[in-house]
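Student: For reference, the structure I am asking about is given below.
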Amino acid sequence: MSSPILQIQELQKYYDNGVHALKNVSFDVREGEFLVVIGLSGSGKSTLLRCINRLVEPTSGAIRFRGEDLTTLSTGELRQRRRKIGMIFQHFNLVKRKSVLANVLSGRLGATGTWPSLMGRFSEEDRSRALERLQLVGLAEKADNRADELSGGQQQRVAIARTLMQDPEILLADEPVASLDPATSHSVMKYLREANQKWGKTIICNLHFLSLVREYGSRVIALKDGELVFQGSPDEIDEAWFRRIYGDDAVEVRIE
């Protein structure tokens with residue numbers, strides 16, 4: 001079994017309003033995993049992902065990426081490490097008036113600098129890589145379209161291609177299909193799985209629907225009120241575990 005690429009150790013997060021969002025959360029992520037994080041809204045899933053790349057500052061604990069604690073890094077050092085930790089959000093955050101290709105190329109911002117990116121000065125190698133990423137998500141023929149001409153699912157796939165332009169080692173996906181219809185959800189999840197299996201990207205993905213978790217995840221952890229209450233195989237989440245994680249009145253909704 002591969003060694004951990006990421007180690008979360010006794011992670012805590014208190015917000016200024018007194019909310020205790022994460023409570024001594026600890027787990028390892030092994031290289032090449034497709035790890036899914038589940039739990040009710042407000043359980044701490046989004047806070048966890050944002051703490052990993054320090055979009056949200058943890059209150060205490062350690063986040064070790066290949067042995068190095070990210071919580072101890074300076075702003076400049078963190079900027080360098082973030083190139084290896086990509087992020088996909090629920091909302092696509094594309095520049096809608098720009099072309100699909102330009103949006104994907106913006107994933108090179110950390111490597112090329114702000115000014116060349118704003119001026120559209122990318123190398124032919126970068127353009128070739130961007131088209132390759134668009135090919136991966138099935139949108140190479142849309143490269144010249146404006147981003148706002150695409151459907152929601154297509155825009156999320158552009159966001160995946162943009163993140164892959166960073167060449168990250170870990171890809172964080174925060175509810176990437178929450179705003180999509182069921183059929184489109186599977187389309188986006190299949191491309192995430194391909195990034196995991198074809199490109200070898202370690203993926204940590206927040207999801208609501210257990211049917212998607214079981215189909216795409218290799219391992220799952222569950223948060224409840226900021227605490228880690230389960231980690232194991234998706235197949236281990238039976239009716240009893242479902243009710244423990246989501247509550248006695250919860251009803252599982254399947255995405256076919």
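Going by the structure tokens order, chains are called A, B, ..., each with residues numbered from 1, while ligands are numbered from 1 in the order shown.
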Could you pull out the residues in stretch 5-254 of chain A that DSSP calls alpha helix (DSSP H) from the backbone, as a PyMOL selection string?

Tutor: chain A and resi 45-52+75-82+100-105+109-112+114-118+124-136+152-164+182-197+210-216+239-246

Student: Can you check which residues of stretch 5-242 of chain A DSSP gives as strand (DSSP E or B) on the backbone and send them as a PyMOL selection string?

Tutor: chain A and resi 5-14+20-30+34-38+60-65+68-69+85-88+99+146+170-174+202-206+219-224+227-232

Student: Please measure the separation of atom CA of A:Gly226 and atom CA of A:Pro4, giving the value in Å to one decimal.

Tutor: 22.5 Å

Student: Smallest atom-to-atom distance to A:Arg133: which of A:Leu94, A:Leu22, A:Leu192, A:Leu228, using only C-alpha atoms?

Tutor: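 Of A:Leu94, A:Leu22, A:Leu192, A:Leu228, the one nearest A:Arg133, counting only C-alpha atoms, is A:Leu192.
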
Student: What's the 9 Å shell around A:Arg54, counting only C-alpha atoms, without same-chain residues fewer than 6 positions away, as a VMD selection string?

Tutor: chain A and resid 70 to 71 78 82

Student: Please dump the current selection as a tab-separated table (two decimals), in the first residue's frame; keep N, CA, C and O atoms.

Tutor:
```tsv
chain	number	residue	atom	x	y	z
A	70	LEU	N	1.82	22.15	6.42
A	70	LEU	CA	1.41	23.36	5.69
A	70	LEU	C	1.02	24.50	6.62
A	70	LEU	O	1.07	25.67	6.21
A	71	THR	N	0.66	24.19	7.85
A	71	THR	CA	0.23	25.26	8.77
A	71	THR	C	1.39	26.11	9.23
A	71	THR	O	1.17	27.19	9.81
A	78	LEU	N	3.62	28.95	1.06
A	78	LEU	CA	2.30	28.36	0.85
A	78	LEU	C	1.87	28.52	-0.60
A	78	LEU	O	1.28	27.60	-1.19
A	82	ARG	N	0.65	25.44	-2.92
A	82	ARG	CA	-0.72	25.39	-3.45
A	82	ARG	C	-0.77	24.99	-4.91
A	82	ARG	O	-1.81	24.56	-5.41
```

Student: Applying 8 Å and only C-alpha atoms, which residues near stretch 157-159 of chain A remain after dropping the ones on its own chain fewer than 6 positions away? List them as a VMD selection string.

Tutor: chain A and resid 88 92 to 94 100 103 to 104 134 137 139 188 191

Student: So that I can see what lies close to A:Asn53, please list as a PyMOL selection string the residues with an atom at most 10 Å from it, counting only C-alpha atoms and leaving out residues fewer than 5 positions away in the same chain.

Tutor: chain A and resi 48+63+65+70-71+78-79+81-87+172

Student: If I take atom CA of A:Met189 and atom CA of A:Ile221, how far is one from the other in Å, to one decimal?

Tutor: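 These atoms are spaced 17.9 Å apart.
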
Student: Could you pull the residues within 8 Å of A:Pro234, counting only C-alpha atoms, minus those fewer than 6 positions along the same chain, as number ranges by chain?

Tutor: A: 213-214, 217-220

Student: Can you measure atom CA of A:Thr47 to atom CA of A:Leu210 for me? One decimal in Å is fine.

Tutor: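 Separation of atom CA of A:Thr47 and atom CA of A:Leu210: 20.2 Å.
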
Student: Neighbours of A:Ile8 within 9 Å (only C-alpha atoms; same-chain residues fewer than 3 positions away dropped), as a PyMOL selection string?

Tutor: chain A and resi 11+25-29+52+61-65

Student: With distances taken over only C-alpha atoms, which of A:Cys51, A:Leu73, A:Ile245, A:Ala178 is nearest to A:Leu212?

Tutor: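 Checking each candidate against A:Leu212, we get A:Ala178 as the closest.
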
Student: Taking only C-alpha atoms into account, which of A:Ala173, A:Leu180, A:Leu223, A:Leu131 comes nearest A:Lys201?

Tutor: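 That would be A:Ala173, the residue with the smallest distance to A:Lys201.
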
Student: Rank nothing, just name the residue among A:Asn206, A:Gln12, A:Ser187, A:Gln7 nearest to A:Glu68, using only C-alpha atoms.

Tutor: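 Checking each candidate against A:Glu68, we get A:Gln7 as the closest.
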